[in-house]
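Participant: Sharing a structure, written as structure tokens. Questions coming.
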Amino acid sequence: MVPTVEWKDGAVRLLDQSRLPMHVEFLDCRDYRAVAQAIRDLKVRGAPAIGVTAAMGVALGAQAMTATEYRDFATQVGEICDHLAASRPTAVNLFWAIGRMKQKLAALNNHPVAGIKAELITESQTILDEDIALCKAMGQHGAALIQSGQTILTHCNAGALATAGYGTALGVIRAAWEQGKQIQVIADETRPVLQGARLTAWELMQDHIPVTLITDNMAGALMRQGKIQLCVVGADRIAANGDVANKIGTYSVAVLARAHNIPFYVAAPYSTIDLTTQSGAEIPIEERNPLEVTAIHGSHPIAPAGVAVLNPAFDVTPAGLITGIITERGVFKPGELAAHFRS
């Protein structure tokens, strides 16, 4: 896979996911404001990828700061962090990564500013490398849940494109495929932004993993016909009680899976687990531009002008509908997460 995000020639280079699958293009962000705008505009998306991108945005912004004294420099970097944190509200990896960059900054308070700037770049690269390693560990744990011959339904895109590489839910699928398991994947199109159609289908086809695209409202019929044996999705935030916020439509898939006795799994790294949020009711849900609903992929209007629109980007799946949560430490029941990730 091509890199989703990387530090390249003094810029944060992003694979522009708004252009896929028709065009593989890259966006070079040369200041932190451009990074924040890229996150807002879904040039980069997926909770882990947003976190890595934000960390690199902090490092990028720090390079342009002129302060030579630590206190002034730290204040300026704090303003950069605040700007990036305001880009999207739901994916907790964004705030986790920014918090980690702040911790690194604080730990270097006795170092020269020039050295701190270099260390912030290094820290952001470490976060990227760790994300790939976490995804591969998740893949190994999750692959054990998949049997050869099964068909797996996934929603949205939780693959290499949503992370620094390899993927969460698609990392599980990718690992099972690499183990030689003969599997099939059903990808929901994922209205309104079509991440399943544009991204998941493209990504799996790049790896020659068999994938079939369906519209979101076909899943229940296929489950009833016995054509789906497992569901695996990603997450943007997991509350302490195991409730999961993920792309809008995930809750519907979980309800359908429960009605048809199909296991429903969530794959996510520790940076997506938010133990300060007690339940899904406390998770902020981003409301996005109505044009995403009234037009297809930014063009081709499909609704009358002026119609009222609701466009929440995420929904919350209650812990009781989730069979297990696949992490880099193993697979846990939703109610077990807090005990395993408290420290």
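All residue names refer to the structure tokens as shown: chains lettered A, B, ... in order, residues numbered from 1 in each chain, ligands numbered from 1 in order.
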Pick out the residues sitting within 7 Å of region 247-263 of chain A, and hand them over as a list in words; count only C-alpha atoms, and ignore anything fewer than 3 positions along from it in its own chain.

Facilitator: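 Counting only the stated atoms, we get His155, Cys156, Gly220, Met223, Arg224, Gln229, Leu230, Cys231, Pro312, Ala313, Phe314, Asp315, Val316, Thr317, Leu321 and Thr323 of chain A.
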
Participant: Pick out the residues sitting within 10 Å of region 91-94 of chain A, and hand them over as a PDB file with C-alpha atoms, in the first residue's frame; count only C-alpha atoms, and ignore anything fewer than 6 positions along from it in its own chain.

Facilitator:
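Saved as out28.pdb:
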ATOM      1  CA  ILE A  39      -8.264  16.588   8.490  1.00  0.00           C
ATOM      2  CA  ARG A  45      -9.551  10.123   7.697  1.00  0.00           C
ATOM      3  CA  GLY A  46      -9.782   7.167  10.020  1.00  0.00           C
ATOM      4  CA  ALA A  47      -9.105   7.644  13.720  1.00  0.00           C
ATOM      5  CA  PRO A  48      -5.533   6.235  13.868  1.00  0.00           C
ATOM      6  CA  ALA A  49      -4.479   8.066  10.693  1.00  0.00           C
ATOM      7  CA  ILE A  50      -5.936  11.315  12.024  1.00  0.00           C
ATOM      8  CA  GLY A  51      -3.902  10.847  15.214  1.00  0.00           C
ATOM      9  CA  VAL A  52      -0.640  10.286  13.336  1.00  0.00           C
ATOM     10  CA  THR A  53      -1.363  13.225  11.050  1.00  0.00           C
ATOM     11  CA  ALA A  54      -2.092  15.513  13.992  1.00  0.00           C
ATOM     12  CA  ALA A  55       1.169  14.513  15.685  1.00  0.00           C
ATOM     13  CA  LEU A  84      -5.346  20.948  15.400  1.00  0.00           C
ATOM     14  CA  ALA A  85      -7.572  19.659  18.214  1.00  0.00           C
ATOM     15  CA  ALA A 235     -13.841   2.511  15.881  1.00  0.00           C
ATOM     16  CA  ASP A 236     -13.331   6.215  16.395  1.00  0.00           C
ATOM     17  CA  ARG A 237     -13.792   6.190  20.164  1.00  0.00           C
ATOM     18  CA  ILE A 238     -14.516   3.453  22.714  1.00  0.00           C
ATOM     19  CA  ALA A 245     -18.559   5.288  18.304  1.00  0.00           C
ATOM     20  CA  ASN A 246     -17.896   4.499  14.666  1.00  0.00           C
ATOM     21  CA  PRO A 269      -5.792   0.100  19.262  1.00  0.00           C
ATOM     22  CA  TYR A 270      -5.394   1.369  22.830  1.00  0.00           C
ATOM     23  CA  SER A 271      -5.288   4.970  21.587  1.00  0.00           C
ATOM     24  CA  THR A 272      -8.971   4.657  20.594  1.00  0.00           C
ATOM     25  CA  ILE A 273     -10.027   3.579  24.097  1.00  0.00           C
ATOM     26  CA  ASP A 274     -11.149   6.617  26.094  1.00  0.00           C
ATOM     27  CA  ILE A 283     -19.134  10.929  23.069  1.00  0.00           C
ATOM     28  CA  PRO A 284     -19.453  14.069  20.903  1.00  0.00           C
ATOM     29  CA  ILE A 285     -20.906  13.250  17.493  1.00  0.00           C
ATOM     30  CA  GLU A 286     -19.743  15.396  14.600  1.00  0.00           C
ATOM     31  CA  PHE A 314     -20.928   8.714  13.596  1.00  0.00           C
TER      32      PHE A 314
END

Participant: Name the residues of region 122-246 of chain A that fall into strand (DSSP E) according to DSSP on the backbone, using the chain letters and numbers of this document, as a PyMOL selection string.

Facilitator: chain A and resi 151-154+184-188+211-214+230-233+237-239+244-246

Participant: Would you list the contacts of Gln103 (chain A) as JSON, numbers by chain, taking every protein, DNA or RNA residue within 12 Å and counting only C-alpha atoms, but skipping same-chain residues closer than 2 positions in sequence?

Facilitator: {"A": [55, 74, 77, 78, 81, 96, 97, 98, 99, 100, 101, 105, 106, 107, 108, 109, 119, 120, 123]}

Participant: Those same residues, written as an mmCIF file, in the first residue's frame with C-alpha atoms?

Facilitator:
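As a result, out_12.cif now contains:
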data_model
loop_
_atom_site.group_PDB
_atom_site.id
_atom_site.type_symbol
_atom_site.label_atom_id
_atom_site.label_comp_id
_atom_site.auth_asym_id
_atom_site.auth_seq_id
_atom_site.Cartn_x
_atom_site.Cartn_y
_atom_site.Cartn_z
ATOM 1 C CA ALA A 55 1.169 14.513 15.685
ATOM 2 C CA ALA A 74 5.914 25.904 24.501
ATOM 3 C CA VAL A 77 3.268 24.923 20.290
ATOM 4 C CA GLY A 78 0.284 24.831 22.631
ATOM 5 C CA CYS A 81 -2.114 21.894 19.402
ATOM 6 C CA TRP A 96 -4.459 11.259 22.293
ATOM 7 C CA ALA A 97 -1.737 12.010 19.746
ATOM 8 C CA ILE A 98 -1.741 15.725 20.510
ATOM 9 C CA GLY A 99 -1.541 14.921 24.217
ATOM 10 C CA ARG A 100 1.422 12.669 23.613
ATOM 11 C CA MET A 101 3.216 15.438 21.702
ATOM 12 C CA LEU A 105 7.410 18.789 24.796
ATOM 13 C CA ALA A 106 7.111 18.997 28.581
ATOM 14 C CA ALA A 107 9.745 16.308 29.085
ATOM 15 C CA LEU A 108 12.225 18.358 27.031
ATOM 16 C CA ASN A 109 11.841 21.593 28.996
ATOM 17 C CA GLU A 119 12.724 15.560 18.880
ATOM 18 C CA LEU A 120 9.108 16.423 18.033
ATOM 19 C CA GLU A 123 8.203 11.507 18.285
#

Participant: Which residue is closest to His208 (chain A)? Choose from A:Asn241, A:Gln63, A:Gln182, A:Thr276 and count only C-alpha atoms.

Facilitator: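 Nearest candidate to His208 (chain A) out of A:Asn241, A:Gln63, A:Gln182, A:Thr276: A:Gln182.
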
Participant: Could you pull the residues within 9 Å of region 289-301 of chain A, counting only C-alpha atoms, minus those fewer than 2 positions along the same chain, as JSON, numbers by chain?

Facilitator: {"A": [18, 191, 192, 193, 194, 287, 303, 304, 305, 307, 308, 309, 310, 311]}

Participant: Env of region 143-151 of chain A: 10 Å cut, atoms = only C-alpha atoms, seq-sep filter 4 positions within chain, self excluded. Answer as a VMD selection string.

Facilitator: chain A and resid 138 to 139 171 to 186 210 to 211 226 to 231 263 265 326 331

Participant: Write out as a compact mmCIF listing (two decimals) with N, CA, C and O atoms, in the first residue's frame the residues lying within 12 Å of Tyr166 (chain A), counting only C-alpha atoms and excluding same-chain residues fewer than 4 positions away.

Facilitator:
# COMPACT_ATOMS: atom_id res chain seq x y z
N MET A 1 0.83 -1.19 0.00
CA MET A 1 0.00 0.00 0.00
C MET A 1 0.87 1.25 0.00
O MET A 1 1.93 1.29 0.61
N VAL A 2 0.38 2.29 -0.68
CA VAL A 2 1.08 3.57 -0.63
C VAL A 2 0.91 4.17 0.76
O VAL A 2 -0.09 3.91 1.43
N PRO A 3 1.86 4.97 1.25
CA PRO A 3 1.75 5.53 2.59
C PRO A 3 0.53 6.45 2.72
O PRO A 3 0.28 7.29 1.84
N THR A 4 -0.21 6.31 3.81
CA THR A 4 -1.33 7.20 4.08
C THR A 4 -0.83 8.57 4.50
O THR A 4 -1.37 9.61 4.08
N PRO A 48 -6.99 6.33 13.68
CA PRO A 48 -5.53 6.23 13.87
C PRO A 48 -4.75 7.14 12.92
O PRO A 48 -3.77 7.77 13.32
N ALA A 49 -5.18 7.21 11.66
CA ALA A 49 -4.48 8.07 10.69
C ALA A 49 -4.60 9.53 11.07
O ALA A 49 -3.64 10.31 10.91
N LEU A 128 3.80 7.03 14.35
CA LEU A 128 3.46 6.37 13.08
C LEU A 128 3.92 4.91 13.09
O LEU A 128 3.15 4.00 12.76
N ASP A 129 5.18 4.69 13.46
CA ASP A 129 5.71 3.32 13.46
C ASP A 129 4.96 2.43 14.44
O ASP A 129 4.68 1.25 14.15
N GLU A 130 4.62 2.98 15.60
CA GLU A 130 3.88 2.21 16.60
C GLU A 130 2.50 1.83 16.08
O GLU A 130 2.00 0.73 16.34
N ASP A 131 1.86 2.74 15.34
CA ASP A 131 0.52 2.46 14.83
C ASP A 131 0.53 1.25 13.91
O ASP A 131 -0.35 0.39 13.99
N ILE A 132 1.51 1.18 13.04
CA ILE A 132 1.60 0.03 12.13
C ILE A 132 1.81 -1.25 12.93
O ILE A 132 1.18 -2.29 12.67
N ALA A 133 2.68 -1.20 13.94
CA ALA A 133 2.95 -2.38 14.76
C ALA A 133 1.69 -2.82 15.52
O ALA A 133 1.40 -4.02 15.63
N LEU A 134 0.93 -1.84 16.04
CA LEU A 134 -0.31 -2.17 16.75
C LEU A 134 -1.31 -2.83 15.82
O LEU A 134 -1.97 -3.81 16.20
N CYS A 135 -1.41 -2.32 14.61
CA CYS A 135 -2.34 -2.90 13.64
C CYS A 135 -1.97 -4.34 13.31
O CYS A 135 -2.84 -5.22 13.21
N LYS A 136 -0.69 -4.61 13.15
CA LYS A 136 -0.27 -5.97 12.84
C LYS A 136 -0.52 -6.91 14.00
O LYS A 136 -0.91 -8.07 13.80
N ALA A 137 -0.35 -6.42 15.23
CA ALA A 137 -0.66 -7.24 16.40
C ALA A 137 -2.15 -7.52 16.48
O ALA A 137 -2.58 -8.66 16.75
N MET A 138 -2.96 -6.51 16.24
CA MET A 138 -4.42 -6.69 16.20
C MET A 138 -4.80 -7.72 15.15
O MET A 138 -5.69 -8.57 15.36
N GLY A 139 -4.14 -7.63 14.00
CA GLY A 139 -4.44 -8.55 12.91
C GLY A 139 -4.24 -10.00 13.32
O GLY A 139 -5.07 -10.86 13.01
N GLN A 140 -3.17 -10.26 14.04
CA GLN A 140 -2.88 -11.64 14.47
C GLN A 140 -3.93 -12.13 15.46
O GLN A 140 -4.39 -13.28 15.38
N ASN A 157 -14.31 2.35 6.21
CA ASN A 157 -12.96 1.88 5.88
C ASN A 157 -12.12 1.91 7.14
O ASN A 157 -11.90 2.97 7.73
N ALA A 158 -11.68 0.74 7.56
CA ALA A 158 -10.80 0.63 8.72
C ALA A 158 -9.57 -0.16 8.31
O ALA A 158 -9.16 -1.11 8.96
N GLY A 159 -9.00 0.27 7.19
CA GLY A 159 -7.86 -0.44 6.63
C GLY A 159 -6.57 0.36 6.71
O GLY A 159 -6.44 1.26 7.55
N ALA A 160 -5.65 0.04 5.83
CA ALA A 160 -4.38 0.77 5.79
C ALA A 160 -4.62 2.25 5.55
O ALA A 160 -3.88 3.10 6.05
N LEU A 161 -5.68 2.58 4.82
CA LEU A 161 -5.98 3.98 4.52
C LEU A 161 -6.45 4.74 5.76
O LEU A 161 -6.34 5.97 5.81
N ALA A 162 -6.97 4.03 6.75
CA ALA A 162 -7.49 4.67 7.96
C ALA A 162 -6.45 4.71 9.08
O ALA A 162 -6.74 5.21 10.18
N LEU A 170 -9.64 -4.09 8.68
CA LEU A 170 -9.07 -4.72 7.49
C LEU A 170 -7.72 -5.35 7.79
O LEU A 170 -7.29 -6.25 7.06
N GLY A 171 -7.06 -4.92 8.84
CA GLY A 171 -5.84 -5.59 9.27
C GLY A 171 -6.13 -7.01 9.73
O GLY A 171 -5.36 -7.94 9.46
N VAL A 172 -7.27 -7.19 10.40
CA VAL A 172 -7.71 -8.52 10.81
C VAL A 172 -7.97 -9.38 9.57
O VAL A 172 -7.53 -10.53 9.47
N ILE A 173 -8.69 -8.81 8.62
CA ILE A 173 -8.98 -9.52 7.37
C ILE A 173 -7.70 -9.81 6.60
O ILE A 173 -7.49 -10.91 6.08
N ARG A 174 -6.83 -8.81 6.54
CA ARG A 174 -5.56 -8.95 5.82
C ARG A 174 -4.71 -10.07 6.44
O ARG A 174 -4.12 -10.89 5.72
N ALA A 175 -4.66 -10.13 7.76
CA ALA A 175 -3.88 -11.16 8.43
C ALA A 175 -4.44 -12.56 8.16
O ALA A 175 -3.69 -13.51 7.93
N GLU A 178 -3.41 -13.51 4.71
CA GLU A 178 -1.99 -13.84 4.66
C GLU A 178 -1.71 -15.22 5.25
O GLU A 178 -0.72 -15.87 4.90
N GLU A 203 -8.95 -0.71 -1.66
CA GLU A 203 -7.82 -1.23 -0.89
C GLU A 203 -7.75 -2.75 -0.95
O GLU A 203 -6.67 -3.32 -1.14
N LEU A 204 -8.88 -3.43 -0.79
CA LEU A 204 -8.88 -4.89 -0.84
C LEU A 204 -8.54 -5.40 -2.24
O LEU A 204 -7.84 -6.41 -2.39
N ASP A 207 -4.89 -5.59 -2.81
CA ASP A 207 -4.26 -6.76 -2.19
C ASP A 207 -4.81 -8.08 -2.72
O ASP A 207 -4.49 -9.14 -2.18

Participant: So how many Å separate CA of Ala62 (chain A) and CA of Thr90 (chain A), to one decimal?

Facilitator: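 Atom-to-atom, CA of Ala62 (chain A) and CA of Thr90 (chain A) are spaced 24.9 Å apart.
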